[in-house]
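For reference, the structure is listed below as structure tokens.
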Amino acid sequence: MYEEFYNQLTDPEEQENLQNAVTRFFVPGTGGPVIFHKPALNLEIKAALQHLKSIPLEYVNEAESIVTVVMKEFDISATHQTRIRNSIRAWLAWGREEKYLPNPLYIAPWGGDIIPSFSTTPNAKESALDYYNRYCEYLRLNDSENDITSLQSIIIKYLVPAYGGSSPSGKRATSAEIEAGINYLQEISIEELKDALKLIEAQFELLGVTKRKCYIPRSRIRNWLNWHQSQGDFGFLPQQTLPEFNTFYTNGIRQKQPKPGKKLHDNRCPIHKLCAKRFPDDYLNPHLEQEIKDYKAWRLANDIRPGSIATEEEQILQVLGWLHRYEGIPLEQLSFECLISKSQLIFRLNDYPDDWDDWNVWGKFLFEKEKGTQSARDQAKSDMDRIKRYLSFLNGHPNSQKKRVSLLIAMGKFIYRDLIGSDDCPRERDIPIIQRLLNLQVELGKKAKSVANTVSYHETSVSWEEAIKAMEKQRRRAEQVILYFKRNSRKGYSEKQRPETAIAKELQKFLSLAFCLLVPSRSRTFYDLRIGETFKEGILSENKFFGVADLKEKGVWEKVKNQVAFYIHHEAEDYKTGKAIAPVLLNNGGWWVELPNIEFKNNLCLYDYVRRWLEWGRGVKGAVEHNFFFRRTNSTKPLDDGAWGSRIKTMFNSSTEVKVSPASIRKMFASQFPEHIESAALLLQHSEQMHNTNYDMP
């Protein structure tokens, strides 16, 4: 390919530029020899061209990116870089025209083949207001609510007037003007919205906005449009064979907007969590910071799993934040004892004079002991009043309140840890506040049996067949490399390759849903899935595991590589019940589950997608500096429980209009296979009794 293009060039300068671009920059970038002399020696050029014969055409398609890295490393001037890139671009354009190279639009970013898939025309009734609401929901789910306020202001001030709407009468829009401006988006069609950037530029010029002040409004509008572009909302082509794909992303279903309220949410904790983003001046005083560290170490020493301790820490910060915001306790005075007081319960005879023949001494001792006991009970009553105010503030289901009481019991045991088990207080119930908390826990448990769940299981579940269809839809989205756009000016369609980041997001979402359905374990199993630790590749034989490295070291890799599988492995510290793991599992290396390598319609198997994610998709957003299998949607940070639950519910809602949570998937699975109770209970990591009472839904 190089020789033919080089020979058809008539300008010697163009030939020299091409030769330099290929031999000095492209060849070294693909592992070939580096040219040291200037001008290059014939032997150096010959060696570079000899190496060129070994380079696959797939590398040539990426030549521009490769030479860019090399030029940066060699510190080439900007003018020289432009000349080199132009030579490479001309070479690639000629190669595509002559059919040496495929069109880059038809190359999957992970290097494999793609399956053309299309999305259909968006609902004609949708308007810019629908797109605005959808984007706001996305920002809320990603804790970017401040961006919503900024975008709203820009829309009212610049975008709406650019489309013929009214402008705010003053520097700051009134509530009526804000409402009218947002509602005006209903008058702007989706096709018209594509010209938003051009129109606000004209509005900037009309209002005399300086270049510096144009940057943020332009950036906010561009981010809004680019997000919808990445979701495929602006791309469409009729697809008759797959009618379930009504639209690319939402299946024609408008996202339900959550109702605002004061209720404290476990996952988001918007204003009540201590040190929350909305209160940057919050801090932990040194005593409280040390107290939390001591509590975590104490819980860990009592065989509580690290994941549970992290959840407890977040909830402790929530209740401390409530004490500060609603009970008026200053930050510098916050401590565990602001919620559960430590009263004196032990009175020693040695603390009094040795003259026991004096009845006044005995009387004083008995008086102080009774006085201290009554004071401890009164203080426990006062603490319970405060705790009940907190539970009333939560205003949740009795089961939810019961879990918070369990946390408070743990805090009480920590505060009185030096007394519990002693001769004076051999039982936990000997501590007045703990006795009251235990009684409250029992009361809430009884109350929960007669109170319907806040959200019924049937409102948050779908049939197993619908769940499988949702997974298949998400898989096809992960394969959707090309988007098609209806041309406005003439007949036909134009095509556009989706950004790699958008495809990688769809791939991760597909694997998230597939793992949930194929191995319906707890949420922590997946958001805490760690490559090489709880997620392993190899062969499990006779209760002994051989990893890929072991097989290669033994020299049997080529012989057994087709038998290699992916496994989820939990040892005692990873298992739900910790060291209480069943002896049969503990004695056999822990809890092992083989990830089934199911085959899909396009002759690809689940393992193909797993390897595509590990080798390509996982690092698209940037270098991943941890070994967690999954990461956040818009960053490389690990997931947490809230982010995992939100991801699963959003995917189900887009396909079925039902926000199915990970917990509901477990119940759906248990109900799907009632004849395999023992196996299903083991897979779900609980007893058969709990399987029947809590998971097997009618």
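A note on labels: chains of the structure tokens are A, B, ... as shown, every chain counts residues from 1, and ligands are counted from 1 in their shown order.
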
**Picked from stretch 416-615 of chain A by DSSP as alpha helix (DSSP H), as a PyMOL selection string** = chain A and resi 432-449+464-478+500-518+523-527+548-553+557-560+583-586+606-615

**Message:** Can you pull out the residues contacting A:His51? Cut-off 9 Å, using only C-alpha atoms, and skip same-chain residues under 3 positions away; I want them as an MDAnalysis selection string.
**Reply:** chainID A and resid 27 31:33 46:48 54:55

Written selection (N, CA and C atoms) as a compact mmCIF listing (two decimals), in the first residue's frame:
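Contents of result-v4.txt, freshly written:
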# COMPACT_ATOMS: atom_id res chain seq x y z
N VAL A 27 6.51 3.88 11.84
CA VAL A 27 7.20 2.61 12.07
C VAL A 27 7.68 2.48 13.52
N GLY A 31 6.56 -0.36 16.98
CA GLY A 31 7.59 -1.27 17.47
C GLY A 31 8.75 -1.49 16.53
N GLY A 32 8.85 -0.69 15.46
CA GLY A 32 9.93 -0.84 14.49
C GLY A 32 11.17 -0.06 14.86
N PRO A 33 12.19 -0.09 13.99
CA PRO A 33 13.46 0.59 14.26
C PRO A 33 13.32 2.11 14.22
N LYS A 46 15.59 1.24 4.53
CA LYS A 46 15.32 -0.14 4.12
C LYS A 46 14.80 -0.97 5.30
N ALA A 47 15.43 -0.78 6.47
CA ALA A 47 14.99 -1.53 7.67
C ALA A 47 13.57 -1.13 8.07
N ALA A 48 13.26 0.18 7.95
CA ALA A 48 11.91 0.65 8.32
C ALA A 48 10.87 0.07 7.38
N SER A 54 5.36 -6.18 8.08
CA SER A 54 4.80 -7.00 9.17
C SER A 54 3.65 -6.32 9.90
N ILE A 55 3.29 -5.10 9.50
CA ILE A 55 2.25 -4.34 10.20
C ILE A 55 0.88 -4.63 9.58

**Prompt:** Could you name the residues that touch A:Ala40 at 10 Å or less, counting only C-alpha atoms, but leaving out those on the same chain fewer than 3 positions away, as a PyMOL selection string?
**Reply:** chain A and resi 20+23-24+35-37+43-45

**d(atom CA of A:Ala502, atom CA of A:Ile482) in Å** =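 A separation of 11.4 Å between them.
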
**Message:** Env of A:Val593: 10 Å cut, atoms = only C-alpha atoms, seq-sep filter 6 positions within chain, self excluded. Answer as a count of residues only.
**Reply:** 8

**Message:** Could you list, as a list of chain:residue names, every residue within 9 Å of A:Ser166, counting only C-alpha atoms and ignoring same-chain residues fewer than 6 positions away?
**Reply:**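 Everything that qualifies: A:Ile156, A:Lys157, A:Val160, A:Glu177, A:Ala180, A:Gly181.
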
Serialized selection, N, CA and C atoms, as a compact mmCIF listing (two decimals), in the first residue's frame:
# COMPACT_ATOMS: atom_id res chain seq x y z
N ILE A 156 -33.26 30.27 30.00
CA ILE A 156 -34.19 31.39 30.12
C ILE A 156 -33.59 32.68 29.57
N LYS A 157 -32.30 32.86 29.81
CA LYS A 157 -31.65 34.13 29.44
C LYS A 157 -31.26 34.20 27.97
N VAL A 160 -34.18 30.55 25.08
CA VAL A 160 -35.59 30.84 24.80
C VAL A 160 -35.76 32.11 23.98
N GLU A 177 -41.36 34.01 35.47
CA GLU A 177 -40.58 34.04 34.22
C GLU A 177 -39.82 32.73 34.02
N ALA A 180 -42.42 30.17 32.87
CA ALA A 180 -42.83 30.43 31.49
C ALA A 180 -41.71 30.07 30.51
N GLY A 181 -40.45 30.36 30.89
CA GLY A 181 -39.32 30.07 30.01
C GLY A 181 -39.13 28.58 29.80

**Request:** Please provide the set of residues having any atom within 9 Å of A:Lys72, restricted to only C-alpha atoms, with same-chain residues fewer than 5 positions apart removed, written as a list of chain:residue names.
**Result:**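 Residues near the query, excluding close chain neighbours: A:Val67, A:Ser77, A:Gln81.
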
Hey, can you spit out that residue selection with N, CA and C atoms as a compact mmCIF listing (two decimals), in the first residue's frame?
# COMPACT_ATOMS: atom_id res chain seq x y z
N VAL A 67 1.24 8.22 15.08
CA VAL A 67 2.32 9.19 14.83
C VAL A 67 2.20 10.39 15.77
N SER A 77 8.07 20.14 16.42
CA SER A 77 7.40 21.44 16.38
C SER A 77 6.00 21.32 15.78
N GLN A 81 4.59 18.89 12.77
CA GLN A 81 3.52 17.94 13.06
C GLN A 81 2.40 18.05 12.04

**Request:** Report the residues of stretch 477-534 of chain A whose backbone DSSP state falls under strand (DSSP E), written as an MDAnalysis selection string.
**Result:** chainID A and resid 482:486 493:497

Output for the residues just chosen: N, CA and C atoms as a short mmCIF file (atom, residue, chain, number, x, y, z; two decimals), in the first residue's frame:
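And here's result.cif as it stands now:
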data_model
loop_
_atom_site.label_atom_id
_atom_site.label_comp_id
_atom_site.auth_asym_id
_atom_site.auth_seq_id
_atom_site.Cartn_x
_atom_site.Cartn_y
_atom_site.Cartn_z
N ILE A 482 -22.84 2.20 14.90
CA ILE A 482 -23.21 3.22 13.93
C ILE A 482 -24.62 3.73 14.22
N LEU A 483 -24.79 5.04 14.22
CA LEU A 483 -26.11 5.66 14.31
C LEU A 483 -26.45 6.26 12.95
N TYR A 484 -27.71 6.24 12.62
CA TYR A 484 -28.16 6.75 11.32
C TYR A 484 -29.07 7.95 11.53
N PHE A 485 -28.88 8.97 10.68
CA PHE A 485 -29.59 10.23 10.83
C PHE A 485 -30.38 10.52 9.56
N LYS A 486 -31.62 10.89 9.72
CA LYS A 486 -32.46 11.28 8.58
C LYS A 486 -32.00 12.64 8.08
N TYR A 493 -30.27 8.73 4.27
CA TYR A 493 -29.79 8.80 5.64
C TYR A 493 -28.28 8.98 5.65
N SER A 494 -27.81 9.65 6.66
CA SER A 494 -26.37 9.75 6.87
C SER A 494 -26.01 8.95 8.10
N GLU A 495 -24.77 8.56 8.21
CA GLU A 495 -24.35 7.70 9.31
C GLU A 495 -23.27 8.39 10.13
N LYS A 496 -23.21 8.00 11.40
CA LYS A 496 -22.23 8.60 12.31
C LYS A 496 -21.80 7.53 13.31
N GLN A 497 -20.52 7.45 13.52
CA GLN A 497 -20.00 6.49 14.49
C GLN A 497 -20.15 7.06 15.90
#

**Message:** Can you measure atom CA of A:Lys544 to atom CA of A:Cys605 for me? One decimal in Å is fine.
**Reply:**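 Rounded to one decimal, the two atoms are 25.6 Å apart.
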
**For atom CA of A:Ile340 and atom CA of A:Leu408, the interatomic separation in Å (one decimal)** = 8.2 Å

**Request:** Give the answer as one residue: which of A:Met1, A:Ala202, A:Ala663, A:Ile221 has the shortest atom-to-atom distance to A:Thr460, using only C-alpha atoms?
**Result:**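 Using only C-alpha atoms, A:Thr460 sits closest to A:Ala663.
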
**Complete:** Counting only C-alpha atoms, the residue among A:Glu187, A:Glu542, A:Asp11, A:Glu291 that lies closest to A:Gly164 is A:Glu187

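Minimum atom-to-atom distance to A:Phe510, evaluated using only C-alpha atoms, belongs to A:Gln474 out of A:Ser341, A:Gln474, A:Gln563, A:Thr633.
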